[in-house]
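Q: Supplied structure: input05.pdb, PDB, C-alpha atoms.
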```pdb
MODEL        1
ATOM      1  CA  MET A   1     -44.547 -63.999 -83.141  1.00  0.00           C
ATOM      2  CA  LYS A   2     -48.186 -63.166 -83.814  1.00  0.00           C
ATOM      3  CA  LEU A   3     -50.787 -62.004 -81.320  1.00  0.00           C
ATOM      4  CA  SER A   4     -54.483 -62.305 -82.143  1.00  0.00           C
ATOM      5  CA  ILE A   5     -56.595 -59.149 -82.089  1.00  0.00           C
ATOM      6  CA  GLN A   6     -60.077 -59.140 -80.559  1.00  0.00           C
ATOM      7  CA  GLY A   7     -62.595 -58.917 -83.374  1.00  0.00           C
ATOM      8  CA  GLY A   8     -60.343 -60.611 -85.903  1.00  0.00           C
ATOM      9  CA  GLY A   9     -56.878 -60.283 -87.346  1.00  0.00           C
ATOM     10  CA  SER A  10     -53.443 -60.469 -85.782  1.00  0.00           C
ATOM     11  CA  ILE A  11     -50.390 -58.316 -85.133  1.00  0.00           C
ATOM     12  CA  GLU A  12     -46.756 -59.250 -85.596  1.00  0.00           C
ATOM     13  CA  VAL A  13     -44.593 -58.483 -82.563  1.00  0.00           C
ATOM     14  CA  SER A  14     -40.974 -59.073 -81.680  1.00  0.00           C
ATOM     15  CA  ASP A  15     -39.995 -62.352 -80.049  1.00  0.00           C
ATOM     16  CA  ASP A  16     -37.384 -60.472 -78.042  1.00  0.00           C
ATOM     17  CA  ALA A  17     -40.004 -58.280 -76.370  1.00  0.00           C
ATOM     18  CA  PHE A  18     -42.897 -60.749 -76.047  1.00  0.00           C
ATOM     19  CA  GLY A  19     -41.198 -64.148 -76.112  1.00  0.00           C
ATOM     20  CA  ALA A  20     -38.509 -63.798 -73.450  1.00  0.00           C
ATOM     21  CA  GLN A  21     -37.934 -66.322 -70.676  1.00  0.00           C
ATOM     22  CA  PHE A  22     -39.527 -65.768 -67.274  1.00  0.00           C
ATOM     23  CA  ASN A  23     -36.936 -64.502 -64.788  1.00  0.00           C
ATOM     24  CA  GLU A  24     -38.654 -64.414 -61.405  1.00  0.00           C
ATOM     25  CA  ALA A  25     -35.594 -63.256 -59.456  1.00  0.00           C
ATOM     26  CA  LEU A  26     -35.012 -60.301 -61.781  1.00  0.00           C
ATOM     27  CA  ILE A  27     -38.677 -59.272 -61.720  1.00  0.00           C
ATOM     28  CA  HIS A  28     -38.700 -59.424 -57.921  1.00  0.00           C
ATOM     29  CA  GLN A  29     -35.583 -57.271 -57.725  1.00  0.00           C
ATOM     30  CA  VAL A  30     -36.969 -54.657 -60.118  1.00  0.00           C
ATOM     31  CA  LEU A  31     -40.381 -54.605 -58.399  1.00  0.00           C
ATOM     32  CA  THR A  32     -38.737 -54.160 -54.992  1.00  0.00           C
ATOM     33  CA  ALA A  33     -36.609 -51.309 -56.315  1.00  0.00           C
ATOM     34  CA  TYR A  34     -39.597 -49.690 -58.039  1.00  0.00           C
ATOM     35  CA  ARG A  35     -41.707 -49.747 -54.861  1.00  0.00           C
ATOM     36  CA  ALA A  36     -38.794 -48.577 -52.736  1.00  0.00           C
ATOM     37  CA  GLY A  37     -38.294 -45.627 -55.075  1.00  0.00           C
ATOM     38  CA  GLY A  38     -41.841 -44.515 -54.352  1.00  0.00           C
ATOM     39  CA  ARG A  39     -41.244 -44.224 -50.613  1.00  0.00           C
ATOM     40  CA  ALA A  40     -40.944 -40.693 -49.280  1.00  0.00           C
ATOM     41  CA  GLY A  41     -38.434 -41.574 -46.581  1.00  0.00           C
ATOM     42  CA  THR A  42     -39.328 -38.417 -44.636  1.00  0.00           C
ATOM     43  CA  LYS A  43     -40.123 -40.027 -41.259  1.00  0.00           C
ATOM     44  CA  ALA A  44     -38.311 -38.184 -38.477  1.00  0.00           C
ATOM     45  CA  GLN A  45     -38.252 -38.539 -34.693  1.00  0.00           C
ATOM     46  CA  LYS A  46     -36.230 -36.745 -32.038  1.00  0.00           C
ATOM     47  CA  THR A  47     -33.488 -38.246 -29.905  1.00  0.00           C
ATOM     48  CA  ARG A  48     -32.913 -37.222 -26.279  1.00  0.00           C
ATOM     49  CA  ALA A  49     -30.424 -34.639 -27.548  1.00  0.00           C
ATOM     50  CA  GLU A  50     -33.046 -32.957 -29.746  1.00  0.00           C
ATOM     51  CA  VAL A  51     -36.131 -32.685 -27.513  1.00  0.00           C
ATOM     52  CA  SER A  52     -36.564 -29.488 -25.532  1.00  0.00           C
ATOM     53  CA  GLY A  53     -35.973 -29.251 -21.775  1.00  0.00           C
ATOM     54  CA  GLY A  54     -34.131 -31.622 -19.507  1.00  0.00           C
ATOM     55  CA  GLY A  55     -31.253 -29.323 -18.722  1.00  0.00           C
ATOM     56  CA  LYS A  56     -31.657 -29.542 -14.949  1.00  0.00           C
ATOM     57  CA  LYS A  57     -31.255 -32.642 -12.808  1.00  0.00           C
ATOM     58  CA  PRO A  58     -34.836 -33.374 -11.633  1.00  0.00           C
ATOM     59  CA  TRP A  59     -33.850 -34.173  -8.016  1.00  0.00           C
ATOM     60  CA  LYS A  60     -30.681 -34.618  -6.014  1.00  0.00           C
ATOM     61  CA  GLN A  61     -28.637 -37.753  -6.468  1.00  0.00           C
ATOM     62  CA  LYS A  62     -29.095 -39.205  -2.988  1.00  0.00           C
ATOM     63  CA  GLY A  63     -31.560 -39.156  -0.139  1.00  0.00           C
ATOM     64  CA  SER A  64     -34.894 -38.931  -1.948  1.00  0.00           C
ATOM     65  CA  GLY A  65     -35.547 -42.659  -2.032  1.00  0.00           C
ATOM     66  CA  ARG A  66     -36.201 -42.523  -5.737  1.00  0.00           C
ATOM     67  CA  ALA A  67     -34.008 -43.840  -8.537  1.00  0.00           C
ATOM     68  CA  ARG A  68     -31.232 -41.482  -9.554  1.00  0.00           C
ATOM     69  CA  ALA A  69     -32.038 -39.370 -12.614  1.00  0.00           C
ATOM     70  CA  GLY A  70     -29.979 -36.858 -14.518  1.00  0.00           C
ATOM     71  CA  THR A  71     -32.549 -35.656 -17.049  1.00  0.00           C
ATOM     72  CA  THR A  72     -36.276 -35.722 -17.712  1.00  0.00           C
ATOM     73  CA  ARG A  73     -35.745 -36.216 -21.418  1.00  0.00           C
ATOM     74  CA  GLY A  74     -34.436 -39.795 -21.467  1.00  0.00           C
ATOM     75  CA  PRO A  75     -36.286 -42.449 -23.513  1.00  0.00           C
ATOM     76  CA  ILE A  76     -38.086 -43.883 -20.437  1.00  0.00           C
ATOM     77  CA  TRP A  77     -39.649 -40.528 -19.521  1.00  0.00           C
ATOM     78  CA  VAL A  78     -42.915 -39.175 -20.880  1.00  0.00           C
ATOM     79  CA  GLY A  79     -41.918 -36.375 -23.227  1.00  0.00           C
ATOM     80  CA  GLY A  80     -38.438 -37.816 -23.621  1.00  0.00           C
ATOM     81  CA  GLY A  81     -36.615 -38.574 -26.848  1.00  0.00           C
ATOM     82  CA  ARG A  82     -36.735 -41.852 -28.745  1.00  0.00           C
ATOM     83  CA  ALA A  83     -33.979 -44.374 -28.066  1.00  0.00           C
ATOM     84  CA  PHE A  84     -33.517 -45.268 -31.740  1.00  0.00           C
ATOM     85  CA  ALA A  85     -35.107 -42.317 -33.472  1.00  0.00           C
ATOM     86  CA  ALA A  86     -36.098 -42.672 -37.121  1.00  0.00           C
ATOM     87  CA  LYS A  87     -34.363 -40.223 -39.428  1.00  0.00           C
ATOM     88  CA  PRO A  88     -35.034 -39.220 -43.045  1.00  0.00           C
ATOM     89  CA  ARG A  89     -33.451 -41.724 -45.411  1.00  0.00           C
ATOM     90  CA  ASP A  90     -33.307 -42.571 -49.085  1.00  0.00           C
ATOM     91  CA  TYR A  91     -34.784 -45.953 -49.996  1.00  0.00           C
ATOM     92  CA  ASP A  92     -33.721 -45.841 -53.663  1.00  0.00           C
ATOM     93  CA  GLN A  93     -32.135 -48.979 -55.063  1.00  0.00           C
ATOM     94  CA  LYS A  94     -29.999 -48.907 -58.170  1.00  0.00           C
ATOM     95  CA  VAL A  95     -31.404 -50.813 -61.134  1.00  0.00           C
ATOM     96  CA  ASN A  96     -29.568 -50.652 -64.427  1.00  0.00           C
ATOM     97  CA  ARG A  97     -31.548 -49.753 -67.531  1.00  0.00           C
ATOM     98  CA  LYS A  98     -30.615 -53.110 -69.039  1.00  0.00           C
ATOM     99  CA  MET A  99     -32.047 -54.954 -66.019  1.00  0.00           C
ATOM    100  CA  TYR A 100     -35.243 -52.886 -66.049  1.00  0.00           C
ATOM    101  CA  ARG A 101     -35.869 -53.571 -69.736  1.00  0.00           C
ATOM    102  CA  ALA A 102     -35.150 -57.272 -69.277  1.00  0.00           C
ATOM    103  CA  ALA A 103     -37.659 -57.419 -66.424  1.00  0.00           C
ATOM    104  CA  MET A 104     -40.297 -55.637 -68.521  1.00  0.00           C
ATOM    105  CA  ARG A 105     -39.703 -58.067 -71.402  1.00  0.00           C
ATOM    106  CA  SER A 106     -40.072 -60.972 -68.986  1.00  0.00           C
ATOM    107  CA  VAL A 107     -43.352 -59.582 -67.578  1.00  0.00           C
ATOM    108  CA  PHE A 108     -44.900 -58.945 -71.018  1.00  0.00           C
ATOM    109  CA  SER A 109     -43.807 -62.380 -72.219  1.00  0.00           C
ATOM    110  CA  GLU A 110     -45.404 -64.041 -69.193  1.00  0.00           C
ATOM    111  CA  LEU A 111     -48.627 -62.095 -69.814  1.00  0.00           C
ATOM    112  CA  VAL A 112     -48.704 -63.536 -73.343  1.00  0.00           C
ATOM    113  CA  ARG A 113     -48.009 -67.090 -72.113  1.00  0.00           C
ATOM    114  CA  GLN A 114     -50.783 -66.879 -69.496  1.00  0.00           C
ATOM    115  CA  ASP A 115     -53.292 -65.364 -71.973  1.00  0.00           C
ATOM    116  CA  ARG A 116     -53.539 -62.261 -69.788  1.00  0.00           C
ATOM    117  CA  LEU A 117     -52.731 -59.856 -72.641  1.00  0.00           C
ATOM    118  CA  VAL A 118     -55.782 -58.819 -74.680  1.00  0.00           C
ATOM    119  CA  VAL A 119     -55.149 -56.871 -77.899  1.00  0.00           C
ATOM    120  CA  VAL A 120     -57.584 -54.548 -79.651  1.00  0.00           C
ATOM    121  CA  ASP A 121     -57.158 -52.332 -82.712  1.00  0.00           C
ATOM    122  CA  ALA A 122     -58.280 -49.213 -80.856  1.00  0.00           C
ATOM    123  CA  LEU A 123     -60.284 -48.176 -77.829  1.00  0.00           C
ATOM    124  CA  GLU A 124     -62.069 -44.920 -78.516  1.00  0.00           C
ATOM    125  CA  LEU A 125     -65.162 -43.504 -76.859  1.00  0.00           C
ATOM    126  CA  PRO A 126     -67.319 -40.837 -78.538  1.00  0.00           C
ATOM    127  CA  GLN A 127     -68.351 -39.541 -75.098  1.00  0.00           C
ATOM    128  CA  PRO A 128     -66.868 -39.855 -71.596  1.00  0.00           C
ATOM    129  CA  ARG A 129     -69.478 -42.388 -70.469  1.00  0.00           C
ATOM    130  CA  THR A 130     -68.467 -44.856 -67.753  1.00  0.00           C
ATOM    131  CA  ARG A 131     -71.328 -47.185 -68.660  1.00  0.00           C
ATOM    132  CA  GLU A 132     -70.193 -47.433 -72.266  1.00  0.00           C
ATOM    133  CA  LEU A 133     -66.656 -48.413 -71.261  1.00  0.00           C
ATOM    134  CA  ALA A 134     -67.975 -50.912 -68.709  1.00  0.00           C
ATOM    135  CA  VAL A 135     -70.083 -52.580 -71.405  1.00  0.00           C
ATOM    136  CA  ARG A 136     -67.079 -52.880 -73.709  1.00  0.00           C
ATOM    137  CA  LEU A 137     -64.948 -54.406 -70.986  1.00  0.00           C
ATOM    138  CA  ARG A 138     -67.681 -56.940 -70.208  1.00  0.00           C
ATOM    139  CA  GLU A 139     -67.789 -57.877 -73.896  1.00  0.00           C
ATOM    140  CA  PHE A 140     -64.090 -58.735 -73.666  1.00  0.00           C
ATOM    141  CA  GLY A 141     -64.697 -60.651 -70.423  1.00  0.00           C
ATOM    142  CA  LEU A 142     -62.485 -58.311 -68.401  1.00  0.00           C
ATOM    143  CA  GLY A 143     -62.771 -57.395 -64.729  1.00  0.00           C
ATOM    144  CA  ARG A 144     -59.658 -56.012 -63.033  1.00  0.00           C
ATOM    145  CA  VAL A 145     -57.789 -54.673 -66.033  1.00  0.00           C
ATOM    146  CA  LEU A 146     -54.993 -52.301 -66.954  1.00  0.00           C
ATOM    147  CA  ILE A 147     -55.668 -50.499 -70.234  1.00  0.00           C
ATOM    148  CA  LEU A 148     -52.599 -49.519 -72.266  1.00  0.00           C
ATOM    149  CA  VAL A 149     -53.069 -46.995 -75.075  1.00  0.00           C
ATOM    150  CA  ASP A 150     -50.659 -45.200 -77.360  1.00  0.00           C
ATOM    151  CA  LYS A 151     -52.185 -41.818 -76.504  1.00  0.00           C
ATOM    152  CA  LEU A 152     -54.600 -41.231 -73.642  1.00  0.00           C
ATOM    153  CA  ALA A 153     -57.785 -39.447 -74.707  1.00  0.00           C
ATOM    154  CA  ASP A 154     -59.800 -37.443 -72.193  1.00  0.00           C
ATOM    155  CA  ASN A 155     -62.981 -39.403 -72.922  1.00  0.00           C
ATOM    156  CA  LEU A 156     -61.315 -42.695 -72.017  1.00  0.00           C
ATOM    157  CA  ARG A 157     -59.624 -41.261 -68.936  1.00  0.00           C
ATOM    158  CA  LEU A 158     -62.853 -39.780 -67.607  1.00  0.00           C
ATOM    159  CA  ALA A 159     -64.864 -42.925 -68.357  1.00  0.00           C
ATOM    160  CA  ALA A 160     -62.385 -45.258 -66.649  1.00  0.00           C
ATOM    161  CA  ARG A 161     -61.679 -43.311 -63.476  1.00  0.00           C
ATOM    162  CA  ASN A 162     -64.979 -44.294 -61.850  1.00  0.00           C
ATOM    163  CA  ILE A 163     -64.700 -48.058 -62.472  1.00  0.00           C
ATOM    164  CA  PRO A 164     -63.150 -49.982 -59.555  1.00  0.00           C
ATOM    165  CA  GLY A 165     -60.226 -52.189 -60.580  1.00  0.00           C
ATOM    166  CA  VAL A 166     -59.637 -50.423 -63.893  1.00  0.00           C
ATOM    167  CA  ALA A 167     -56.664 -48.202 -64.684  1.00  0.00           C
ATOM    168  CA  VAL A 168     -55.526 -46.510 -67.887  1.00  0.00           C
ATOM    169  CA  LEU A 169     -51.915 -45.739 -68.803  1.00  0.00           C
ATOM    170  CA  GLU A 170     -50.102 -44.593 -71.883  1.00  0.00           C
ATOM    171  CA  ALA A 171     -47.706 -47.229 -73.181  1.00  0.00           C
ATOM    172  CA  ARG A 172     -44.672 -45.090 -72.367  1.00  0.00           C
ATOM    173  CA  GLU A 173     -45.802 -45.000 -68.692  1.00  0.00           C
ATOM    174  CA  ALA A 174     -46.134 -48.773 -68.343  1.00  0.00           C
ATOM    175  CA  ASN A 175     -44.278 -50.051 -65.288  1.00  0.00           C
ATOM    176  CA  PRO A 176     -43.712 -53.508 -63.816  1.00  0.00           C
ATOM    177  CA  LEU A 177     -45.861 -52.903 -60.729  1.00  0.00           C
ATOM    178  CA  ALA A 178     -48.925 -51.886 -62.762  1.00  0.00           C
ATOM    179  CA  LEU A 179     -48.495 -54.850 -65.099  1.00  0.00           C
ATOM    180  CA  VAL A 180     -48.365 -57.520 -62.382  1.00  0.00           C
ATOM    181  CA  GLN A 181     -51.102 -56.242 -60.072  1.00  0.00           C
ATOM    182  CA  PHE A 182     -53.945 -56.534 -62.593  1.00  0.00           C
ATOM    183  CA  GLU A 183     -55.577 -59.767 -63.746  1.00  0.00           C
ATOM    184  CA  LYS A 184     -55.527 -58.743 -67.404  1.00  0.00           C
ATOM    185  CA  VAL A 185     -53.878 -56.119 -69.599  1.00  0.00           C
ATOM    186  CA  LEU A 186     -55.883 -54.648 -72.480  1.00  0.00           C
ATOM    187  CA  ALA A 187     -53.550 -53.053 -75.022  1.00  0.00           C
ATOM    188  CA  THR A 188     -54.160 -51.328 -78.323  1.00  0.00           C
ATOM    189  CA  THR A 189     -52.010 -52.237 -81.322  1.00  0.00           C
ATOM    190  CA  GLY A 190     -50.465 -48.778 -81.229  1.00  0.00           C
ATOM    191  CA  ALA A 191     -49.510 -49.259 -77.584  1.00  0.00           C
ATOM    192  CA  LEU A 192     -47.872 -52.611 -78.341  1.00  0.00           C
ATOM    193  CA  LYS A 193     -45.725 -51.018 -81.032  1.00  0.00           C
ATOM    194  CA  ILE A 194     -44.549 -48.358 -78.567  1.00  0.00           C
ATOM    195  CA  VAL A 195     -43.763 -51.038 -75.965  1.00  0.00           C
ATOM    196  CA  GLU A 196     -41.877 -53.039 -78.590  1.00  0.00           C
ATOM    197  CA  GLU A 197     -39.771 -50.018 -79.534  1.00  0.00           C
ATOM    198  CA  ARG A 198     -38.981 -49.184 -75.922  1.00  0.00           C
ATOM    199  CA  LEU A 199     -37.931 -52.747 -75.098  1.00  0.00           C
ATOM    200  CA  ALA A 200     -35.894 -53.333 -78.236  1.00  0.00           C
TER     201      ALA A 200
ENDMDL
END
```
Can you give me the file's structure in the form of structure tokens?
A:
Amino acid sequence: MKLSIQGGGSIEVSDDAFGAQFNEALIHQVLTAYRAGGRAGTKAQKTRAEVSGGGKKPWKQKGSGRARAGTTRGPIWVGGGRAFAAKPRDYDQKVNRKMYRAAMRSVFSELVRQDRLVVVDALELPQPRTRELAVRLREFGLGRVLILVDKLADNLRLAARNIPGVAVLEAREANPLALVQFEKVLATTGALKIVEERLA
């Protein structure tokens, strides 16, 4: 299939990578696994066995008029342990490489179908000027946009980091979460070729 390039011309891309069917269930599964993999899972709380103190019975069993108590470190006491204490855990979900690539193909194909993929020959800035990049993006009619390049230049990185709703990634770092959370994706022809090779 052919994709039109802003400013004239077109680029031939693989139907397998940019013309796949939309598989919502697969994309959801891969996105869930990707976000889960980013969780630290380091939350930790102490049970009644782990908090300090509480070794002595606070008062005698009978005769005080108060409810019987064997420790001051039970869950209902201030300073006591948690009843169902959170412990460090691993949130990783297994996603096969074949599934991940299929989900990426489905996402890129849907971007093409919805006209959310904008292709340019190159995106180079002579100086790291935020204003210059903002003007170029306005010329393309882009607001919240993910910019995919084959190789990230410092000028582009510095110019883009101060624009709200704009992110820049190298094509090899493209991930499903970044692709779906932006309104548009601006990709250079070099980046598309790298994506095509990785999804082949």
Q: Would you mind listing what lies within 12 Å of segment 133-141 of chain A as number ranges by chain, with only C-alpha atoms counted and same-chain residues fewer than 4 positions away left out?
A: A: 5-7, 116-120, 122-129, 145-147, 155-168, 183-186
Q: How many Å lie between atom CA of Lys56 of chain A and atom CA of Lys87 of chain A, rounded to one decimal?
A: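 Atom CA of Lys56 of chain A sits 26.8 Å away from atom CA of Lys87 of chain A.
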Q: Find the spatial neighbours of segment 25-38 of chain A, counting all atoms listed in the file, within a cut-off of 7 Å - ignore same-chain residues fewer than 4 positions away - and output them as an MDAnalysis selection string.
A: chainID A and resid 91:93 95 100 103 176:177
Q: Just how far from atom CA of Thr188 of chain A is atom CA of Gly8 of chain A, in Å to one decimal?
A: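 Taking atom CA of Gly8 of chain A and atom CA of Thr188 of chain A, their separation equals 13.5 Å.
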Q: I'd like the neighbourhood of segment 61-74 of chain A as an MDAnalysis selection string, where a residue qualifies if any of its atoms comes within 10 Å (using only C-alpha atoms), though same-chain residues fewer than 4 positions away should be ignored.
A: chainID A and resid 47:57 78:83
Q: I'd like the neighbourhood of Pro88 of chain A as a ChimeraX atom specification, where a residue qualifies if any of its atoms comes within 9 Å (using only C-alpha atoms), though same-chain residues fewer than 6 positions away should be ignored.
A: /A:40-45
Q: So how many Å separate atom CA of Leu179 of chain A and atom CA of Glu110 of chain A, to one decimal?
A: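 Atom-to-atom, atom CA of Leu179 of chain A to atom CA of Glu110 of chain A, that is 10.5 Å.
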Q: Identify all residues satisfying the PyMOL selection byres ((chain A and resi 191-200) around 12) in the given file; provide them as an mmCIF file with C-alpha atoms, in the frame of the given file.
A:
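Output file result-v8.cif is given in full below:
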```
data_model
loop_
_atom_site.group_PDB
_atom_site.id
_atom_site.type_symbol
_atom_site.label_atom_id
_atom_site.label_comp_id
_atom_site.auth_asym_id
_atom_site.auth_seq_id
_atom_site.Cartn_x
_atom_site.Cartn_y
_atom_site.Cartn_z
ATOM 1 C CA LYS A 2 -48.186 -63.166 -83.814
ATOM 2 C CA LEU A 3 -50.787 -62.004 -81.320
ATOM 3 C CA ILE A 5 -56.595 -59.149 -82.089
ATOM 4 C CA ILE A 11 -50.390 -58.316 -85.133
ATOM 5 C CA GLU A 12 -46.756 -59.250 -85.596
ATOM 6 C CA VAL A 13 -44.593 -58.483 -82.563
ATOM 7 C CA SER A 14 -40.974 -59.073 -81.680
ATOM 8 C CA ASP A 15 -39.995 -62.352 -80.049
ATOM 9 C CA ASP A 16 -37.384 -60.472 -78.042
ATOM 10 C CA ALA A 17 -40.004 -58.280 -76.370
ATOM 11 C CA PHE A 18 -42.897 -60.749 -76.047
ATOM 12 C CA GLY A 19 -41.198 -64.148 -76.112
ATOM 13 C CA ALA A 20 -38.509 -63.798 -73.450
ATOM 14 C CA ARG A 97 -31.548 -49.753 -67.531
ATOM 15 C CA LYS A 98 -30.615 -53.110 -69.039
ATOM 16 C CA MET A 99 -32.047 -54.954 -66.019
ATOM 17 C CA TYR A 100 -35.243 -52.886 -66.049
ATOM 18 C CA ARG A 101 -35.869 -53.571 -69.736
ATOM 19 C CA ALA A 102 -35.150 -57.272 -69.277
ATOM 20 C CA ALA A 103 -37.659 -57.419 -66.424
ATOM 21 C CA MET A 104 -40.297 -55.637 -68.521
ATOM 22 C CA ARG A 105 -39.703 -58.067 -71.402
ATOM 23 C CA SER A 106 -40.072 -60.972 -68.986
ATOM 24 C CA VAL A 107 -43.352 -59.582 -67.578
ATOM 25 C CA PHE A 108 -44.900 -58.945 -71.018
ATOM 26 C CA SER A 109 -43.807 -62.380 -72.219
ATOM 27 C CA LEU A 117 -52.731 -59.856 -72.641
ATOM 28 C CA VAL A 118 -55.782 -58.819 -74.680
ATOM 29 C CA VAL A 119 -55.149 -56.871 -77.899
ATOM 30 C CA VAL A 120 -57.584 -54.548 -79.651
ATOM 31 C CA ASP A 121 -57.158 -52.332 -82.712
ATOM 32 C CA ALA A 122 -58.280 -49.213 -80.856
ATOM 33 C CA LEU A 123 -60.284 -48.176 -77.829
ATOM 34 C CA ILE A 147 -55.668 -50.499 -70.234
ATOM 35 C CA LEU A 148 -52.599 -49.519 -72.266
ATOM 36 C CA VAL A 149 -53.069 -46.995 -75.075
ATOM 37 C CA ASP A 150 -50.659 -45.200 -77.360
ATOM 38 C CA LYS A 151 -52.185 -41.818 -76.504
ATOM 39 C CA LEU A 152 -54.600 -41.231 -73.642
ATOM 40 C CA VAL A 168 -55.526 -46.510 -67.887
ATOM 41 C CA LEU A 169 -51.915 -45.739 -68.803
ATOM 42 C CA GLU A 170 -50.102 -44.593 -71.883
ATOM 43 C CA ALA A 171 -47.706 -47.229 -73.181
ATOM 44 C CA ARG A 172 -44.672 -45.090 -72.367
ATOM 45 C CA GLU A 173 -45.802 -45.000 -68.692
ATOM 46 C CA ALA A 174 -46.134 -48.773 -68.343
ATOM 47 C CA ASN A 175 -44.278 -50.051 -65.288
ATOM 48 C CA VAL A 185 -53.878 -56.119 -69.599
ATOM 49 C CA LEU A 186 -55.883 -54.648 -72.480
ATOM 50 C CA ALA A 187 -53.550 -53.053 -75.022
ATOM 51 C CA THR A 188 -54.160 -51.328 -78.323
ATOM 52 C CA THR A 189 -52.010 -52.237 -81.322
ATOM 53 C CA GLY A 190 -50.465 -48.778 -81.229
#
```
Q: Box for segment 134-153 of chain A - axis-aligned, 4 Å on each of the six sides, all listed atoms - centre and size in Å to one decimal, as AutoDock Vina command-line options.
A:
```
--center_x -60.4 --center_y -50.0 --center_z -70.2 --size_x 27.4 --size_y 29.2 --size_z 22.3
```
Q: Since the input lacks some atoms of segment 121-138 of chain A, please model N, CA and C atoms and print them as a compact mmCIF listing (two decimals), keeping the file's coordinate frame.
A:
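Ended up saving to selection-v9.txt:
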```
# COMPACT_ATOMS: atom_id res chain seq x y z
N ASP A 121 -57.66 -53.30 -81.72
CA ASP A 121 -57.16 -52.33 -82.71
C ASP A 121 -57.11 -50.93 -82.11
N ALA A 122 -58.20 -50.54 -81.46
CA ALA A 122 -58.28 -49.21 -80.86
C ALA A 122 -59.36 -49.24 -79.78
N LEU A 123 -59.28 -48.28 -78.88
CA LEU A 123 -60.28 -48.18 -77.83
C LEU A 123 -60.66 -46.70 -77.70
N GLU A 124 -61.66 -46.32 -78.49
CA GLU A 124 -62.07 -44.92 -78.52
C GLU A 124 -63.53 -44.80 -78.08
N LEU A 125 -63.80 -43.77 -77.32
CA LEU A 125 -65.16 -43.50 -76.86
C LEU A 125 -65.63 -42.16 -77.41
N PRO A 126 -66.82 -42.12 -78.02
CA PRO A 126 -67.32 -40.84 -78.54
C PRO A 126 -67.65 -39.84 -77.43
N GLN A 127 -68.02 -40.39 -76.25
CA GLN A 127 -68.35 -39.54 -75.10
C GLN A 127 -67.74 -40.14 -73.84
N PRO A 128 -67.47 -39.32 -72.83
CA PRO A 128 -66.87 -39.85 -71.60
C PRO A 128 -67.90 -40.55 -70.71
N ARG A 129 -68.43 -41.67 -71.20
CA ARG A 129 -69.48 -42.39 -70.47
C ARG A 129 -68.89 -43.64 -69.81
N THR A 130 -68.98 -43.70 -68.49
CA THR A 130 -68.47 -44.86 -67.75
C THR A 130 -69.21 -46.12 -68.15
N ARG A 131 -70.52 -46.01 -68.32
CA ARG A 131 -71.33 -47.18 -68.66
C ARG A 131 -70.90 -47.79 -69.99
N GLU A 132 -70.60 -46.94 -70.94
CA GLU A 132 -70.19 -47.43 -72.27
C GLU A 132 -68.89 -48.22 -72.19
N LEU A 133 -67.93 -47.70 -71.41
CA LEU A 133 -66.66 -48.41 -71.26
C LEU A 133 -66.86 -49.72 -70.51
N ALA A 134 -67.71 -49.70 -69.49
CA ALA A 134 -67.97 -50.91 -68.71
C ALA A 134 -68.58 -52.00 -69.58
N VAL A 135 -69.47 -51.61 -70.49
CA VAL A 135 -70.08 -52.58 -71.40
C VAL A 135 -69.02 -53.19 -72.32
N ARG A 136 -68.13 -52.36 -72.83
CA ARG A 136 -67.08 -52.88 -73.71
C ARG A 136 -66.17 -53.85 -72.97
N LEU A 137 -65.82 -53.52 -71.75
CA LEU A 137 -64.95 -54.41 -70.99
C LEU A 137 -65.63 -55.74 -70.70
N ARG A 138 -66.94 -55.69 -70.43
CA ARG A 138 -67.68 -56.94 -70.21
C ARG A 138 -67.72 -57.78 -71.47
```
